[in-house]
Amino acid sequence: MSLRERTVLVSGASRGIGRATVERLLDDGAKVIGLARTGDNVIEHEHYRHYLVDLSNLMGAATTLQTLARELSEVNALVSNVGAGHFGGLEQFSAEQVCASIDLNLTSHIILVRAFLPCLKRHQFSDVILMGSESALQGGRKGTLYCAAKFGLRGFSQSLRLDCSSSGVRVALVNPGMVRTSFFDEQSFRP
């Protein structure tokens with residue numbers, strides 16, 4: 001199936017890897033639906049639609065995603081890319097910060113895939129691409145929260161791949177290293 005026949009939903013579409021993914025897909029002829037928490041940096045393109053969804057608010061997002069999945073039945077690929085880095089010693093984070101970090105970097109991916117999986121399974125061929133990190137492969141200093149979420153995402157993708165093996169849904173996990181994006185704007189280190 002060529003990209004011209006694909007309708008790809010991309011979360012985290014307004015910045016960094018998500019925005020670059022959207023731009024590349026559009027250049028290659030795909031129709032793209034972007035999800036982002038703000039309307040900043042919206043791409044103007046005839047084959048692009050943008051929806052405001054704050055995936056850091058899981059309960060609100062879950063309802064919105066269920067509605068979108070019903071409305072966007074043409075989606076036959078999903079790139080789950082949302083995330084933020086929270087680095088430091090574990091004792092530096094409050095319980096609320098721990099939950100917020102895990103929710104954004106792990107649970108939001110699960111909620112997004114859960115909402116769109118029935119839609120994806122109705123297509124003969126579809127794809128789920130989860131944006132992980134090399135932090136899913138080995139723990140790192142000051143990375144307890146981020147690594148925990150990315151290790152979890154890795155396990156989720158492996159199990160989801162097995163669960164979807166009898167359908168036309170392919171599941172992939174991409175684990176990039178550090179990439180020069182706005183992800184590092186609030187960090188004390190750079191790629």
# chains A, B, ... in the order shown; residues from 1 in each chain; ligands from 1
$ select_by_dssp --residues "chain A" --states "helix (DSSP H, G or I)" --output "MDAnalysis selection string"
chainID A and resid 3:5 16:27 58:71 90:92 95:121 134:136 144:163 182:184
$ closest_atom_pairs --of "region 2-27 of chain A" --to "region 99-116 of chain A" --cutoff "12 Å" --atoms "only C-alpha atoms" --output "JSON lines"
{"residue": "A:Val8", "atom": "CA", "partner": "A:Phe116", "partner_atom": "CA", "distance": 11.4}
{"residue": "A:Leu9", "atom": "CA", "partner": "A:Phe116", "partner_atom": "CA", "distance": 9.6}
{"residue": "A:Val10", "atom": "CA", "partner": "A:Leu112", "partner_atom": "CA", "distance": 10.3}
{"residue": "A:Ser11", "atom": "CA", "partner": "A:Leu112", "partner_atom": "CA", "distance": 8.7}
{"residue": "A:Gly12", "atom": "CA", "partner": "A:His109", "partner_atom": "CA", "distance": 10.8}
$ write_last_selection --atoms "N, CA, C and O atoms" --output "PDB file, in the first residue's frame"
ATOM      1  N   VAL A   8      -2.987   8.824   8.097  1.00  0.00           N
ATOM      2  CA  VAL A   8      -2.150   8.584   9.266  1.00  0.00           C
ATOM      3  C   VAL A   8      -2.498   9.589  10.365  1.00  0.00           C
ATOM      4  O   VAL A   8      -2.493  10.793  10.136  1.00  0.00           O
ATOM      5  N   LEU A   9      -2.776   9.078  11.541  1.00  0.00           N
ATOM      6  CA  LEU A   9      -2.994   9.918  12.706  1.00  0.00           C
ATOM      7  C   LEU A   9      -1.683  10.008  13.468  1.00  0.00           C
ATOM      8  O   LEU A   9      -1.056   8.985  13.750  1.00  0.00           O
ATOM      9  N   VAL A  10      -1.238  11.245  13.780  1.00  0.00           N
ATOM     10  CA  VAL A  10       0.023  11.463  14.482  1.00  0.00           C
ATOM     11  C   VAL A  10      -0.256  12.272  15.739  1.00  0.00           C
ATOM     12  O   VAL A  10      -0.792  13.381  15.662  1.00  0.00           O
ATOM     13  N   SER A  11       0.102  11.733  16.899  1.00  0.00           N
ATOM     14  CA  SER A  11      -0.020  12.514  18.137  1.00  0.00           C
ATOM     15  C   SER A  11       1.289  13.253  18.384  1.00  0.00           C
ATOM     16  O   SER A  11       2.345  12.844  17.903  1.00  0.00           O
ATOM     17  N   GLY A  12       1.206  14.361  19.114  1.00  0.00           N
ATOM     18  CA  GLY A  12       2.385  15.193  19.319  1.00  0.00           C
ATOM     19  C   GLY A  12       2.811  15.847  18.023  1.00  0.00           C
ATOM     20  O   GLY A  12       3.994  16.015  17.745  1.00  0.00           O
TER      21      GLY A  12
END
$ closest_residue --among "A:Arg37, A:Glu74, A:Tyr48, A:Gln97" --to "Arg24 (chain A)" --atoms "only C-alpha atoms"
A:Tyr48
$ residues_around --residues "region 169-171 of chain A" --least-positions-apart "6" --cutoff "7 Å" --atoms "only C-alpha atoms" --output "list of chain:residue names"
A:Leu120, A:Lys121, A:Phe125, A:Ser126, A:Asp127, A:Val128, A:Ile129, A:Ser157, A:Arg161
$ write_last_selection --atoms "all heavy atoms" --output "PDB file, in the first residue's frame"
ATOM      1  N   LEU A 120      -8.629   0.500  13.311  1.00  0.00           N
ATOM      2  CA  LEU A 120      -7.496  -0.043  12.573  1.00  0.00           C
ATOM      3  C   LEU A 120      -7.737  -1.495  12.165  1.00  0.00           C
ATOM      4  O   LEU A 120      -7.354  -1.922  11.077  1.00  0.00           O
ATOM      5  CB  LEU A 120      -6.221   0.071  13.412  1.00  0.00           C
ATOM      6  CG  LEU A 120      -5.739   1.500  13.691  1.00  0.00           C
ATOM      7  CD1 LEU A 120      -4.642   1.484  14.747  1.00  0.00           C
ATOM      8  CD2 LEU A 120      -5.275   2.188  12.430  1.00  0.00           C
ATOM      9  N   LYS A 121      -8.381  -2.249  13.038  1.00  0.00           N
ATOM     10  CA  LYS A 121      -8.646  -3.661  12.734  1.00  0.00           C
ATOM     11  C   LYS A 121      -9.673  -3.838  11.619  1.00  0.00           C
ATOM     12  O   LYS A 121      -9.717  -4.902  10.993  1.00  0.00           O
ATOM     13  CB  LYS A 121      -9.117  -4.393  13.996  1.00  0.00           C
ATOM     14  CG  LYS A 121      -7.992  -4.675  14.968  1.00  0.00           C
ATOM     15  CD  LYS A 121      -8.484  -5.448  16.175  1.00  0.00           C
ATOM     16  CE  LYS A 121      -7.326  -5.868  17.064  1.00  0.00           C
ATOM     17  NZ  LYS A 121      -7.791  -6.645  18.227  1.00  0.00           N
ATOM     18  N   PHE A 125      -5.172  -3.742   6.009  1.00  0.00           N
ATOM     19  CA  PHE A 125      -3.818  -3.520   6.492  1.00  0.00           C
ATOM     20  C   PHE A 125      -3.788  -2.195   7.243  1.00  0.00           C
ATOM     21  O   PHE A 125      -4.335  -1.203   6.774  1.00  0.00           O
ATOM     22  CB  PHE A 125      -2.808  -3.450   5.339  1.00  0.00           C
ATOM     23  CG  PHE A 125      -2.756  -4.696   4.517  1.00  0.00           C
ATOM     24  CD1 PHE A 125      -3.350  -4.738   3.268  1.00  0.00           C
ATOM     25  CD2 PHE A 125      -2.115  -5.836   4.992  1.00  0.00           C
ATOM     26  CE1 PHE A 125      -3.311  -5.891   2.506  1.00  0.00           C
ATOM     27  CE2 PHE A 125      -2.075  -6.989   4.238  1.00  0.00           C
ATOM     28  CZ  PHE A 125      -2.670  -7.018   2.989  1.00  0.00           C
ATOM     29  N   SER A 126      -3.136  -2.173   8.402  1.00  0.00           N
ATOM     30  CA  SER A 126      -2.962  -0.932   9.144  1.00  0.00           C
ATOM     31  C   SER A 126      -1.717  -1.053  10.023  1.00  0.00           C
ATOM     32  O   SER A 126      -1.174  -2.133  10.195  1.00  0.00           O
ATOM     33  CB  SER A 126      -4.202  -0.602   9.970  1.00  0.00           C
ATOM     34  OG  SER A 126      -4.459  -1.627  10.901  1.00  0.00           O
ATOM     35  N   ASP A 127      -1.302   0.088  10.543  1.00  0.00           N
ATOM     36  CA  ASP A 127      -0.073   0.125  11.324  1.00  0.00           C
ATOM     37  C   ASP A 127      -0.248   0.940  12.591  1.00  0.00           C
ATOM     38  O   ASP A 127      -0.909   1.979  12.582  1.00  0.00           O
ATOM     39  CB  ASP A 127       1.062   0.769  10.512  1.00  0.00           C
ATOM     40  CG  ASP A 127       1.441  -0.063   9.320  1.00  0.00           C
ATOM     41  OD1 ASP A 127       2.119  -1.090   9.523  1.00  0.00           O
ATOM     42  OD2 ASP A 127       1.058   0.295   8.184  1.00  0.00           O
ATOM     43  N   VAL A 128       0.394   0.492  13.661  1.00  0.00           N
ATOM     44  CA  VAL A 128       0.559   1.245  14.890  1.00  0.00           C
ATOM     45  C   VAL A 128       2.065   1.406  15.077  1.00  0.00           C
ATOM     46  O   VAL A 128       2.795   0.415  15.143  1.00  0.00           O
ATOM     47  CB  VAL A 128      -0.030   0.520  16.119  1.00  0.00           C
ATOM     48  CG1 VAL A 128       0.341   1.250  17.408  1.00  0.00           C
ATOM     49  CG2 VAL A 128      -1.528   0.369  15.996  1.00  0.00           C
ATOM     50  N   ILE A 129       2.516   2.663  15.121  1.00  0.00           N
ATOM     51  CA  ILE A 129       3.929   2.953  15.336  1.00  0.00           C
ATOM     52  C   ILE A 129       4.030   3.750  16.630  1.00  0.00           C
ATOM     53  O   ILE A 129       3.471   4.834  16.743  1.00  0.00           O
ATOM     54  CB  ILE A 129       4.526   3.732  14.152  1.00  0.00           C
ATOM     55  CG1 ILE A 129       4.365   2.908  12.873  1.00  0.00           C
ATOM     56  CG2 ILE A 129       5.987   4.082  14.421  1.00  0.00           C
ATOM     57  CD1 ILE A 129       4.619   3.675  11.597  1.00  0.00           C
ATOM     58  N   SER A 157       4.208  -2.563  23.501  1.00  0.00           N
ATOM     59  CA  SER A 157       4.280  -2.792  22.047  1.00  0.00           C
ATOM     60  C   SER A 157       4.505  -4.269  21.730  1.00  0.00           C
ATOM     61  O   SER A 157       3.921  -4.797  20.781  1.00  0.00           O
ATOM     62  CB  SER A 157       5.370  -1.935  21.410  1.00  0.00           C
ATOM     63  OG  SER A 157       6.651  -2.371  21.789  1.00  0.00           O
ATOM     64  N   ARG A 161       1.726  -6.351  19.704  1.00  0.00           N
ATOM     65  CA  ARG A 161       2.093  -7.010  18.446  1.00  0.00           C
ATOM     66  C   ARG A 161       1.577  -8.451  18.435  1.00  0.00           C
ATOM     67  O   ARG A 161       1.011  -8.910  17.445  1.00  0.00           O
ATOM     68  CB  ARG A 161       3.609  -6.978  18.266  1.00  0.00           C
ATOM     69  CG  ARG A 161       4.071  -7.594  16.953  1.00  0.00           C
ATOM     70  CD  ARG A 161       5.587  -7.557  16.775  1.00  0.00           C
ATOM     71  NE  ARG A 161       6.121  -6.214  16.891  1.00  0.00           N
ATOM     72  CZ  ARG A 161       6.993  -5.832  17.830  1.00  0.00           C
ATOM     73  NH1 ARG A 161       7.431  -6.686  18.735  1.00  0.00           N
ATOM     74  NH2 ARG A 161       7.448  -4.604  17.852  1.00  0.00           N
TER      75      ARG A 161
END
$ closest_residue --among "A:Gly168, A:Ile33, A:Gly140, A:Asn57" --to "His45 (chain A)" --atoms "only C-alpha atoms"
A:Ile33
$ closest_residue --among "A:Tyr51, A:Val79, A:Ile43, A:Leu145" --to "Phe93 (chain A)" --atoms "only C-alpha atoms"
A:Leu145
$ residues_around --residues "Arg6 (chain A)" --least-positions-apart "2" --cutoff "6 Å" --atoms "only C-alpha atoms" --output "PDB file with C-alpha atoms, in the first residue's frame"
ATOM      1  CA  LEU A   3       1.448   6.377   1.299  1.00  0.00           C
ATOM      2  CA  ARG A   4      -1.035   8.049  -1.057  1.00  0.00           C
ATOM      3  CA  ALA A  30      -0.309  10.684   2.768  1.00  0.00           C
TER       4      ALA A  30
END
